[in-house]
Every structure is written in C-alpha cells, then in structure tokens.
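**Q** Following this line is query-v1.pdb, made up of PDB, C-alpha atoms:
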```
ATOM      1  CA  MET Q   1      -0.772  13.248  12.470
ATOM      2  CA  SER Q   2      -3.761  12.996  14.784
ATOM      3  CA  LEU Q   3      -6.149  10.192  15.631
ATOM      4  CA  VAL Q   4      -9.611  11.200  16.784
ATOM      5  CA  THR Q   5     -11.971   8.827  18.589
ATOM      6  CA  LEU Q   6     -15.377   8.726  16.952
ATOM      7  CA  ASP Q   7     -17.281   8.093  20.170
ATOM      8  CA  GLY Q   8     -15.896  10.993  22.200
ATOM      9  CA  GLY Q   9     -13.886  13.192  19.871
ATOM     10  CA  GLU Q  10     -10.680  12.783  21.875
ATOM     11  CA  LYS Q  11      -7.656  13.759  19.793
ATOM     12  CA  LYS Q  12      -4.292  12.003  20.087
ATOM     13  CA  ASP Q  13      -1.276  13.347  18.193
ATOM     14  CA  ILE Q  14       1.179  10.849  16.735
ATOM     15  CA  THR Q  15       4.612  11.929  15.557
ATOM     16  CA  LEU Q  16       5.921  10.383  12.361
ATOM     17  CA  SER Q  17       9.147  11.176  10.487
ATOM     18  CA  GLY Q  18       7.535  13.807   8.231
ATOM     19  CA  ASN Q  19       4.327  15.120   6.702
ATOM     20  CA  VAL Q  20       1.749  12.513   5.730
ATOM     21  CA  THR Q  21       0.752  12.853   2.066
ATOM     22  CA  ASP Q  22      -1.820  10.040   2.047
ATOM     23  CA  LEU Q  23      -3.545   7.786   4.538
ATOM     24  CA  ASP Q  24      -5.670   4.723   3.825
ATOM     25  CA  LEU Q  25      -7.782   2.936   6.418
ATOM     26  CA  SER Q  26      -8.565  -0.763   6.142
ATOM     27  CA  GLU Q  27     -12.154  -1.737   5.509
ATOM     28  CA  ASP Q  28     -12.488  -3.172   9.033
ATOM     29  CA  GLY Q  29     -10.965  -0.023  10.563
ATOM     30  CA  LEU Q  30      -8.207  -1.928  12.380
ATOM     31  CA  ARG Q  31      -5.208  -0.795  10.309
ATOM     32  CA  ALA Q  32      -4.098   2.427   8.674
ATOM     33  CA  VAL Q  33      -1.188   3.014   6.322
ATOM     34  CA  ALA Q  34       0.321   6.489   6.164
ATOM     35  CA  VAL Q  35       2.678   7.670   3.408
ATOM     36  CA  ILE Q  36       5.527  10.066   4.155
ATOM     37  CA  ARG Q  37       6.594  11.166   0.664
ATOM     38  CA  ASP Q  38       9.668  13.179   1.696
ATOM     39  CA  LYS Q  39      11.215  10.120   3.374
ATOM     40  CA  SER Q  40       9.927   7.432   0.954
ATOM     41  CA  GLU Q  41       8.357   5.742   3.969
ATOM     42  CA  ILE Q  42       5.139   4.134   5.006
ATOM     43  CA  ALA Q  43       3.902   3.772   8.556
ATOM     44  CA  VAL Q  44       1.561   0.901   9.410
ATOM     45  CA  LEU Q  45      -0.635   1.806  12.357
ATOM     46  CA  PRO Q  46      -2.757  -0.674  14.308
ATOM     47  CA  ILE Q  47      -6.015   1.105  15.121
ATOM     48  CA  PRO Q  48      -6.845   2.054  17.874
ATOM     49  CA  ALA Q  49      -3.710   0.730  19.651
ATOM     50  CA  ALA Q  50      -1.347   3.205  17.905
ATOM     51  CA  ALA Q  51      -3.005   6.062  19.798
ATOM     52  CA  THR Q  52      -1.914   4.716  23.175
ATOM     53  CA  ASP Q  53       1.279   2.856  22.212
ATOM     54  CA  PRO Q  54       3.223   4.417  19.313
ATOM     55  CA  SER Q  55       5.849   1.656  19.594
ATOM     56  CA  LEU Q  56       3.335  -0.582  17.777
ATOM     57  CA  ILE Q  57       3.687   1.522  14.606
ATOM     58  CA  ASP Q  58       5.829  -0.190  11.975
ATOM     59  CA  VAL Q  59       7.803   2.059   9.615
ATOM     60  CA  LYS Q  60       9.240   0.907   6.293
ATOM     61  CA  ALA Q  61      11.593   3.028   4.171
ATOM     62  CA  ILE Q  62      11.772   2.128   0.500
ATOM     63  CA  ASP Q  63      15.016   3.562  -0.792
ATOM     64  CA  GLY Q  64      15.187   4.799  -4.355
ATOM     65  CA  GLU Q  65      11.413   5.102  -4.831
ATOM     66  CA  PHE Q  66       9.195   8.172  -4.938
ATOM     67  CA  PHE Q  67       5.576   7.749  -3.874
ATOM     68  CA  GLY Q  68       2.966   9.866  -2.178
ATOM     69  CA  SER Q  69      -0.186   7.753  -2.392
ATOM     70  CA  VAL Q  70      -1.331   4.388  -1.066
ATOM     71  CA  ALA Q  71      -4.188   2.035  -1.946
ATOM     72  CA  LEU Q  72      -4.931  -0.863   0.407
ATOM     73  CA  SER Q  73      -6.422  -4.176  -0.651
ATOM     74  CA  THR Q  74      -9.825  -4.977   0.866
ATOM     75  CA  ASP Q  75      -8.268  -7.293   3.449
ATOM     76  CA  ALA Q  76      -5.360  -4.869   4.051
ATOM     77  CA  SER Q  77      -2.819  -7.572   3.163
ATOM     78  CA  VAL Q  78      -1.271  -5.510   0.354
ATOM     79  CA  ALA Q  79      -0.372  -1.817   0.106
ATOM     80  CA  LEU Q  80       0.133  -0.321  -3.347
ATOM     81  CA  LEU Q  81       2.362   2.765  -3.417
ATOM     82  CA  TYR Q  82       2.569   5.222  -6.296
ATOM     83  CA  THR Q  83       2.697   8.884  -7.241
ATOM     84  CA  ASN Q  84       0.762  10.916  -9.722
ATOM     85  CA  ALA Q  85       2.363  14.204  -8.618
ATOM     86  CA  VAL Q  86       5.091  13.683 -11.211
ATOM     87  CA  PRO Q  87       5.150  11.344 -14.224
ATOM     88  CA  SER Q  88       6.291   7.976 -12.837
ATOM     89  CA  ASP Q  89       5.649   4.474 -14.113
ATOM     90  CA  HIS Q  90       6.606   2.813 -10.809
ATOM     91  CA  LEU Q  91       4.227   0.851  -8.587
ATOM     92  CA  THR Q  92       5.563  -0.537  -5.308
ATOM     93  CA  ILE Q  93       3.753  -3.512  -3.790
ATOM     94  CA  VAL Q  94       4.177  -4.035  -0.037
ATOM     95  CA  GLY Q  95       3.078  -7.185   1.789
ATOM     96  CA  LEU Q  96       1.136  -6.448   4.975
ATOM     97  CA  GLY Q  97      -0.081  -9.940   5.820
ATOM     98  CA  GLN Q  98       1.207 -11.738   8.872
ATOM     99  CA  GLY Q  99       4.289 -13.864   8.444
ATOM    100  CA  PRO Q 100       7.606 -13.689   6.596
ATOM    101  CA  ASP Q 101       6.258 -11.443   3.823
ATOM    102  CA  TYR Q 102       5.295  -8.653   6.229
ATOM    103  CA  LEU Q 103       6.737  -5.351   4.954
ATOM    104  CA  THR Q 104       8.579  -7.003   2.074
ATOM    105  CA  HIS Q 105       8.214  -5.159  -1.196
ATOM    106  CA  ARG Q 106       8.857  -5.175  -4.891
ATOM    107  CA  THR Q 107       8.615  -2.369  -7.421
ATOM    108  CA  VAL Q 108       7.412  -2.811 -10.973
ATOM    109  CA  ALA Q 109       8.044  -0.391 -13.822
ATOM    110  CA  LEU Q 110       4.990  -0.087 -16.043
ATOM    111  CA  LYS Q 111       4.997   1.265 -19.590
ATOM    112  CA  ALA Q 112       3.345   4.623 -18.816
ATOM    113  CA  PRO Q 113       2.978   7.027 -15.856
ATOM    114  CA  VAL Q 114       0.552   5.959 -13.109
ATOM    115  CA  SER Q 115      -2.629   8.006 -12.576
ATOM    116  CA  ALA Q 116      -4.547   5.818 -10.090
ATOM    117  CA  VAL Q 117      -4.408   2.320  -8.579
ATOM    118  CA  PHE Q 118      -7.276   0.014  -7.629
ATOM    119  CA  PRO Q 119      -6.564  -3.285  -5.847
ATOM    120  CA  ALA Q 120      -8.783  -6.234  -6.759
ATOM    121  CA  GLY Q 121     -11.022  -7.581  -4.024
ATOM    122  CA  ASP Q 122      -8.975 -10.786  -3.720
ATOM    123  CA  ALA Q 123      -5.665  -8.871  -3.312
ATOM    124  CA  LEU Q 124      -4.101 -10.954  -6.096
ATOM    125  CA  HIS Q 125      -4.095  -8.206  -8.744
ATOM    126  CA  ALA Q 126      -4.433  -4.457  -9.152
ATOM    127  CA  ILE Q 127      -5.755  -2.310 -11.969
ATOM    128  CA  VAL Q 128      -3.488   0.644 -12.712
ATOM    129  CA  LEU Q 129      -4.841   3.533 -14.751
ATOM    130  CA  GLN Q 130      -2.098   5.353 -16.606
ATOM    131  CA  THR Q 131      -1.541   8.421 -18.703
ATOM    132  CA  THR Q 132      -0.097   7.866 -22.118
ATOM    133  CA  ALA Q 133       3.646   7.775 -22.434
ATOM    134  CA  PRO Q 134       5.314  10.749 -24.148
ATOM    135  CA  GLY Q 135       5.138  10.349 -27.920
ATOM    136  CA  SER Q 136       2.282   7.845 -27.799
ATOM    137  CA  SER Q 137      -0.761   8.290 -30.033
ATOM    138  CA  LYS Q 138      -2.971   6.232 -27.676
ATOM    139  CA  ALA Q 139      -5.767   7.911 -25.721
ATOM    140  CA  GLY Q 140      -4.970   6.158 -22.444
ATOM    141  CA  ALA Q 141      -3.417   3.140 -20.856
ATOM    142  CA  PHE Q 142      -3.995   0.628 -18.071
ATOM    143  CA  SER Q 143      -2.205  -2.354 -16.591
ATOM    144  CA  VAL Q 144      -3.326  -5.430 -14.685
ATOM    145  CA  VAL Q 145      -0.566  -6.060 -12.160
ATOM    146  CA  PRO Q 146      -0.246  -9.342 -10.248
ATOM    147  CA  THR Q 147       0.335  -8.489  -6.615
ATOM    148  CA  ALA Q 148       0.523 -12.061  -5.315
ATOM    149  CA  LYS Q 149       3.995 -12.627  -6.813
ATOM    150  CA  LEU Q 150       5.285 -10.811  -3.761
ATOM    151  CA  LEU Q 151       3.952 -13.517  -1.482
ATOM    152  CA  SER Q 152       5.842 -16.663  -0.665
ATOM    153  CA  ARG Q 153       4.533 -19.843  -2.286
ATOM    154  CA  ARG Q 154       2.853 -20.958   0.948
ATOM    155  CA  SER Q 155       1.184 -17.537   1.577
ATOM    156  CA  TRP Q 156      -0.037 -17.410  -2.016
ATOM    157  CA  ALA Q 157      -1.607 -20.871  -1.702
ATOM    158  CA  ARG Q 158      -3.461 -19.824   1.478
ATOM    159  CA  THR Q 159      -4.697 -16.624  -0.185
ATOM    160  CA  ARG Q 160      -5.775 -18.561  -3.284
ATOM    161  CA  ARG Q 161      -7.777 -21.067  -1.228
ATOM    162  CA  ARG Q 162      -9.598 -18.246   0.623
ATOM    163  CA  THR Q 163     -10.759 -16.681  -2.639
ATOM    164  CA  ARG Q 164     -12.327 -19.812  -4.121
TER     165      ARG Q 164
END
```
Could you write out this file's structure as structure tokens?

**A**
Amino acid sequence: MSLVTLDGGEKKDITLSGNVTDLDLSEDGLRAVAVIRDKSEIAVLPIPAAATDPSLIDVKAIDGEFFGSVALSTDASVALLYTNAVPSDHLTIVGLGQGPDYLTHRTVALKAPVSAVFPAGDALHAIVLQTTAPGSSKAGAFSVVPTAKLLSRRSWARTRRRTR
C-alpha cells in the first residue's frame, strides 16, 4: 500500500500482511482503515503519522470471519466490516474509539446476504442493504443494526450525550 502526500506528491510505501481489498478514510482525514481479506484483518492507520512511523499502525485479526469491505462512521469511532463478493449475512462491528473498546468487535448474523452498509451519522446504528435470501419471494431486504451495543455502558452514555 502507498500513501501519497497531496501537497508534494511524495509516495511512501507501507507493508501490510497482504493485499488491501478496501480502504476507508475518515471524514477528517486523520485515520484510515484498510481491509486485508486474505488474512481477515484490518489495519488502522493514523494519517499522516503512519507514513513515517509504521509502528503506529494497529492490526486486528478477526478469526472465523470473511470480509473484504469496510464502512467507517462519520466520526471514525466504528468500522463496519462485510463482504458482498460471496453471499454472507455477517456484519462485523469494530470499535475504534479511544478507551477499553478500541479494536473490540462483535459479529451479527443478519437474515439475508449483505450488499452494502451505511453507518448512521451518530455511529449508533447502521443501515444494511441485503439481497433476498435463497427461496424468498421478497424483492429485497434491509436491516437497521445497532452498533452502540459494542460500546461499554460508559462509552455509550458519552456518545449518546454528544448526539443530543
């Protein structure tokens, strides 16, 4: 993977454990999350510091899950991992906020394969668009997934107060 400075075009190569299948940049440009599908890993990169000090990159392997895409919440406190390369109803929610929930995760099994994921602006929920399950007569499916359940009670209360 390479980082390129926008002001001078300088390119800095960063070595991760495999090929990156998706990369999402936070709205403020200070954090990126890369997905390495073959290893079921994500890499959290502080931007621009990761270019000069790769030891600042945090890597999280999520055993038993298959994902190749990531969607970040607006505040980059939650990463939502999924695949639409193969039919899979799994969505993995990873906490990226500071504190004890950092890089903790949970996986939810939805009722139909995931097509796309859109985090809500407050990072408390996500909308998941889904294809219909085999044998279903429905035209489509979606789920509203609470993402805040991942957070500890104290973190959730802080997040809730910020959104009011």

**Q** Show me, as an mmCIF file with C-alpha atoms, in the coordinates of the input, the residues that have an atom within 6 Å of segment 100-109 of chain Q when counting all atoms listed in the file, minus same-chain residues fewer than 4 positions from it.

**A**
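See out.cif below for the written result:
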```
data_model
loop_
_atom_site.group_PDB
_atom_site.id
_atom_site.type_symbol
_atom_site.label_atom_id
_atom_site.label_comp_id
_atom_site.auth_asym_id
_atom_site.auth_seq_id
_atom_site.Cartn_x
_atom_site.Cartn_y
_atom_site.Cartn_z
ATOM 1 C CA ASP Q 89 5.649 4.474 -14.113
ATOM 2 C CA HIS Q 90 6.606 2.813 -10.809
ATOM 3 C CA LEU Q 91 4.227 0.851 -8.587
ATOM 4 C CA THR Q 92 5.563 -0.537 -5.308
ATOM 5 C CA ILE Q 93 3.753 -3.512 -3.790
ATOM 6 C CA VAL Q 94 4.177 -4.035 -0.037
ATOM 7 C CA GLY Q 95 3.078 -7.185 1.789
ATOM 8 C CA LEU Q 96 1.136 -6.448 4.975
#
```

**Q** From the set Q:Thr52, Q:Asn84, Q:Gln130, Q:Ser77, which residue has the shortest atom-to-atom contact distance to Val144 of chain Q, counting only C-alpha atoms?

**A**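 For Val144 of chain Q, the nearest of the candidates is Q:Gln130.
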
**Q** Please compute the atom CA of Gly29 of chain Q-atom CA of Gly99 of chain Q distance, one decimal, in Å.

**A**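 Spanning atom CA of Gly29 of chain Q to atom CA of Gly99 of chain Q is a straight-line distance of 20.7 Å.
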
**Q** Considering all atoms listed in the file, can you say which of Q:Ser26, Q:Thr21, Q:Thr83, Q:Gln98 comes closest to Val128 of chain Q?

**A**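 Selected residue with least distance to Val128 of chain Q: Q:Thr83.
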
**Q** Select, from Q:Ile36, Q:Val145, Q:Ile14, Q:Ala139, the residue with the minimum atom-to-atom distance to Ile57 of chain Q, counting all atoms listed in the file.

**A**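 Selected residue with least distance to Ile57 of chain Q: Q:Ile14.
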
**Q** I'd like to see the residues matched by the PyMOL selection byres ((chain Q and resi 112) around 8) on this file, and ideally I'd get them as an MDAnalysis selection string.

**A** chainID Q and resid 88:89 110:111 113:114 130:133 141

**Q** The PyMOL selection byres ((chain Q and resi 48) around 9) on the file shown: which residues, as number ranges by chain?

**A** Q: 3, 5, 29-31, 45-47, 49-52
